[in-house]
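Trainee: Have a look at this one.
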Amino acid sequence: MKTLRFITAGNVDDGKSTLIGRLLYDSDSIHTDQLGILQKQIRQEGQEIDLALITDGLRAEREQGITIDVAYKYFSTQKRKFIIADAPGHEQYTRNMITGTSNSDLIIILVDARKGITVQTKRHASIGSLMGIKKAIIAINKIDLVNYSEEVFEQIKVDFEAIKSNLKFDEIIYLPVSALVGDNIVEKSHRTPWYEGEALLKLLEKIEIPSTENLSSRFQVQWVIRPKNDDFHDYRGYAGLVLSGNYKVGDSVKIYPSEIETKIIKIEKNLETITEAKAGENVVLHFDGNFDISRGDAVVKSEEILTSGSAINSWISWLDHTELQIGKTYILQHRFRNVRAKVVAINRKWDVNEWKFSTTDTIKLNDIAQIAIKTNQNLFYDSFIDNPKSGNAILIDETTFATVGALMFLEQNN
Amino acid sequence: MSINSTDYLAQLENEAIYILRETAAQFEKPALLFSGGKDSIVLVHLALKAFRPGKFPFPLVHVDTGHNFPEAIAFRDYLTQKIGEKLIVADVEKSIKKYNLEETKGRFPSRNALQTYALLDVIEENEFDACIGGARRDEEKARAKERIFSVRDDFGQWDPKLQRPELWDILNGKVQKGNNVRVFPISNWTELDIWNYIQKNNIELPSLYFAHDRECIVHQDKLVATSKFIQPLPGDVVVNQKVRYRTVGDMTCTAAVPSQAATIQDIIDDIIITRVSERGQTRLDDLLSEAAMEDRKKQGYF
C-alpha cells in the first residue's frame with residue numbers, strides 16, 4: 001500500500017489535536033520518553049494526559065497556545081504508513097493550511113456535533129477541494145456530548161450533502177467520533193450501533209489514493225547526467241520525475257520549448273535498465289540523437305497535447321505578508337523551469353467563508369483569487385484540474401526570494 | 001510496527017532522489033554532511049542512485065568533533081574511498097583553539113554545540129550554499145516542523161517563524177547572498193524506514209550498530225562506553241556486556257543499548273518492540289531540557 005498523507009482540518013475547539021493525539025496514542029506511536037515529558041507537564045497542572053499536547057511542537061507555540069506552522073507526524077500500522085499534516089485551523093493561518101493540504105491525499109474535516117456545519121467547515125472543505133484533494137472524511141466529533149444521537153449525525157450529513165455540489169471531492173465519508181473518549185477512532189464503538197461504517201483507522205488503512213498513472217504523460221528534465229569520463233564518454237542521460245502517465249522505450253516524443261522530435265531509446269532507474277517508466281518514478285531517459293536539451297524542458301509523447309502560452313489564467317493563494325503587486329515582476333517556478341511573470345489583472349476573489357466571488361483591487365496574505373498572468377517565455381502546462389502535477393507552480397519574490405504565491409492554472413478560456 | 005509492503009519504501013526513495021537532484025540543480029556549491037552514521041550512509045547510497053554514472057555534484061563534509069568512535073571514522077574513510085568521492089573534514093578541535101571555546105563541562109560533555117562553529121567555518125571557507133543533512137522529522141519535535149529546504153541566515157540560524165511555505169513537491173532554493181540552505185532529503189523517513197531500507201538494499205554499516213562486547217559505565221540507567229575520554233571513577237558500576245548503538249554520535253555522550261542483535265533483521269525486531277525514542281534512549285544531551293533541540297537549531301545546528 002502507498003503511504004497515505006492526510007491533513008486534519010478543524011479549529012482548536014473542534015478537537016483536532018485531540019484526534020491526532022488519539023490516533024498516535026492508540027496506535028502505539030508515542031514513545032515512552034515522549035509520554036514521560038507529557039506526563040511531567042500534566043503533573044504540574046494536575047490533569048490527565050492531554051492528548052492535544054502530543055502535537056504541540058515548539059516552545060514558542062506552547063507558550064502562546066497556538067500552532068505556528070505545519071508539523072508532520074508519522075505513524076504506521078501493519079498495513080500502511082501515514083503522514084499527518086497538522087496545520088492550524090484559524091482563518092489567519094489559511095496559508096499554513098494551504099501548505100499542508102498541498103501535501104495531502106485526504107482531508108479529515110472535523111465538525112463539532114453540537115455546532116454542526118459552520119463557516120469554518122465550509123472554509124476547510126473549500127480549501128481542500130480547491131487544492132485538488134479528492135477524498136474527504138467528515139468526522140462528526142464530540143458525538144458523546146450529544147448522547148450518541150443518530151439524528152444529530154444524520155442532520156449534519158444532510159447539511160453537508162446539500163453543499164457538496166460546490167466541491168470537487170470524489171468520495172465523502174461521514175463518521176461519528178469522540179476523539180476524547182476514543183469512539184470509532186481505532187475500534188468501532190458499541191455506543192454508536194446505528195453507524196454502519198468502519199472506525200477511522202480502518203478507513204485510513206483502506207482508502208485508495210487516485211493515481212496519476214492514468215493521466216496524460218508528463219516529464220520535465222530535472223538534471224542532466226554527463227559523466228564525460230572514459231567509461232561513459234558518450235553517456236548523456238536526462239534525469240527527472242515521471243509526473244504522470246508512463247513512458248516506454250520506443251515512444252516518439254516531442255521536447256518543448258525546442259520542439260525537437262525524437263524517440264526514447266533507453267530508460268534507466270536506479271542504475272538498472274527498464275522498459276517502462278511509471279508516474280512517481282525517478283528515471284533517466286536517453287534519446288535518439290544528440291540535442292541541446294536542458295533542465296525544465298518538457299518531454300511529451302507525440303500523440304499527446306500540452307498547452308503552451310504566455311497569457312495564463314490561474315488560481316492564486318497568496319502566502320506573503322506583503323500584498324501582491326500588479327505589474328511587478330516575479331519569478332514563476334513551474335516545477336524545474338523558471339520564467340519571469342507579472343500579474344496583469346485580478347479577475348475575482350474567492351471568499352472561502354461565504355463561498356462566493358467578489359471583485360477586488362488587492363490581494364493580501366491568506367487571500368484566494370483568480371488572476372491573469374503574463375510570462376516572458378511560453379509555459380508548457382496543463383490546467384490543475386486536468387493534471388495536478390503539471391498544472392501547479394509557485395510565485396517567488398525577485399528580491400527576497402520568498403515563496404509568495406501558490407498557483408493552480410485554470411483552463412485557457414476560463 | 002512493521003509494514004507488510006515495500007511500496008512505501010520505493011516512494012521514500014523516489015522522494016529523496018528527487019530532492020538530491022533538485023539540490024544539485026538549484027545550488028552552485030552544495031555539500032553533503034556525512035557523519036558516518038546510518039542516516040548519512042543511506043544518504044550516500046541515495047546519491048549514488050541519483051547521480052551515477054556521473055560523479056556526485058558535491059563533496060562529502062564531515063564535522064569531526066574529535067570525540068568520534070574510531071569505528072565510525074574508519075568506516076567513513078573506507079566508504080569515501082570505495083565510491084571515489086571527495087571528503088572534506090571540518091575539525092572541531094581546531095575551532096575550539098581558534099575561538100578559544102570553552103569545553104562543555106560535566107562527566108559526559110557533548111561537543112554538539114561546539115560543532116556548530118566548525119560547521120559554519122567550513123560553510124564559509126568553501127562558500128557552500130546548501131548543506132544536505134540526514135535529519136528526520138520523526139526524531140524530535142523541533143524537527144517535525146523542519147522544511148525540506150530550510151533557509152538559514154549568515155549565522156546559520158533557523159527561525160521557525162520565517163520558514164518558507166513548501167507547496168506540493170516544488171522546492172524553492174533561491175537565497176540571498178550570505179544565506180544558505182539546509183536540505184533534508186529523508187525528512188519523511190522514520191528510524192524503522194531507514195532500517196528496512198538498509199536491509200532491502202544490503203547497505204554496509206559500521207560494526208557499532210551490531211551487538212558486540214563492550215565495557216560500559218552504568219549512568220542513570222544508561223550505558224556509556226569507557227574510552228580514552230570517559231574513564232570509570234571510584235563508585236561507578238562498570239559492566240561488560242553485549243550492546244549496540246542505535247545512533248552514532250560522540251563517544252562522550254552517546255549511550256549504548258543492551259542488545260543481542262547480530263543482523264539487520266534482529267535490529268528491526270528490536271526497534272519494533274522498543275518503546276523509547278531513538279534520541280531519548282541514546283542521547284544524553286537531549287535530556288537536558290525539553291526544548292534542547294529547538295534551542296540548538298536556532299543557533300545554527302542542523
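By order of appearance in the C-alpha cells: chains A, B, ..., then residues from 1 within every chain, and ligands from 1 in the order shown.
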Which of segment 186-266 of chain A end up as alpha helix (DSSP H) when DSSP is run on this backbone - answer as a PyMOL selection string?

Mentor: chain A and resi 200-206

Trainee: Would you give me, as a Markdown table, each residue of chain A having an atom within 7 Å of an atom of chain B, along with its shortest atom pair and that distance in Å to one decimal, using only C-alpha atoms and sorting by chain and residue number?

Mentor:
```
| residue | atom | partner | partner_atom | distance |
| --- | --- | --- | --- | --- |
| A:Met1 | CA | B:Asp7 | CA | 6.0 |
| A:Lys2 | CA | B:Tyr8 | CA | 5.2 |
| A:Thr3 | CA | B:Tyr8 | CA | 5.6 |
| A:His31 | CA | B:Val276 | CA | 4.8 |
| A:Thr32 | CA | B:Val276 | CA | 5.1 |
| A:Asp33 | CA | B:Val276 | CA | 5.7 |
| A:Gly57 | CA | B:Lys141 | CA | 5.2 |
| A:Leu58 | CA | B:Ala142 | CA | 6.0 |
| A:Arg59 | CA | B:Ala291 | CA | 6.5 |
| A:Val70 | CA | B:Lys145 | CA | 6.3 |
| A:Ala71 | CA | B:Lys145 | CA | 4.6 |
| A:Tyr72 | CA | B:Ala144 | CA | 5.4 |
| A:Lys73 | CA | B:Ala144 | CA | 6.9 |
| A:Tyr74 | CA | B:Asp138 | CA | 6.7 |
| A:Ser76 | CA | B:Met1 | CA | 6.2 |
| A:Thr77 | CA | B:Met1 | CA | 5.7 |
| A:Gln78 | CA | B:Ile3 | CA | 4.4 |
| A:Lys79 | CA | B:Ile3 | CA | 5.5 |
| A:Arg80 | CA | B:Ile3 | CA | 6.0 |
| A:Thr99 | CA | B:Leu167 | CA | 5.3 |
| A:Ser102 | CA | B:Trp168 | CA | 4.9 |
| A:Asn103 | CA | B:Trp168 | CA | 5.2 |
| A:Trp223 | CA | B:Arg21 | CA | 6.3 |
| A:Ile225 | CA | B:Gly54 | CA | 6.1 |
| A:Arg226 | CA | B:Gly54 | CA | 6.2 |
| A:Pro227 | CA | B:Gly54 | CA | 4.2 |
| A:Asn270 | CA | B:Lys49 | CA | 5.0 |
| A:Leu271 | CA | B:Lys49 | CA | 6.4 |
| A:Glu281 | CA | B:Asn14 | CA | 6.1 |
| A:Asn282 | CA | B:Asn14 | CA | 5.9 |
| A:Arg335 | CA | B:Ile170 | CA | 5.8 |
| A:Thr400 | CA | B:Gln176 | CA | 6.9 |
| A:Phe401 | CA | B:Lys174 | CA | 5.8 |
| A:Ala402 | CA | B:Arg164 | CA | 6.5 |
| A:Thr403 | CA | B:Arg164 | CA | 6.2 |
| A:Ala406 | CA | B:Leu167 | CA | 7.0 |
```

Trainee: Please determine, counting only C-alpha atoms, which residue among B:Arg76, B:Tyr117, B:Ser110, B:Thr65 has the shortest atom-to-atom distance to Ser95 of chain B.

Mentor: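 Selected residue with least distance to Ser95 of chain B: B:Tyr117.
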
Trainee: Residues of segment 230-278 of chain B in strand (DSSP E or B) according to DSSP, as a list in words?

Mentor: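 Filtering segment 230-278 of chain B to strand (DSSP E or B) leaves Val237, Val238, Val239, Asn240, Gln241, Lys242, Val243, Arg244, Asp250, Thr254, Ala256, Val257 and Pro258 of chain B.
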
Trainee: I want to know what sits within 7 Å of segment 185-196 of chain A, based on only C-alpha atoms, with residues of the same chain fewer than 2 positions away left out; could you give that as a ChimeraX atom specification?

Mentor: /A:23,26,148,150,177,179,182-183,198-201
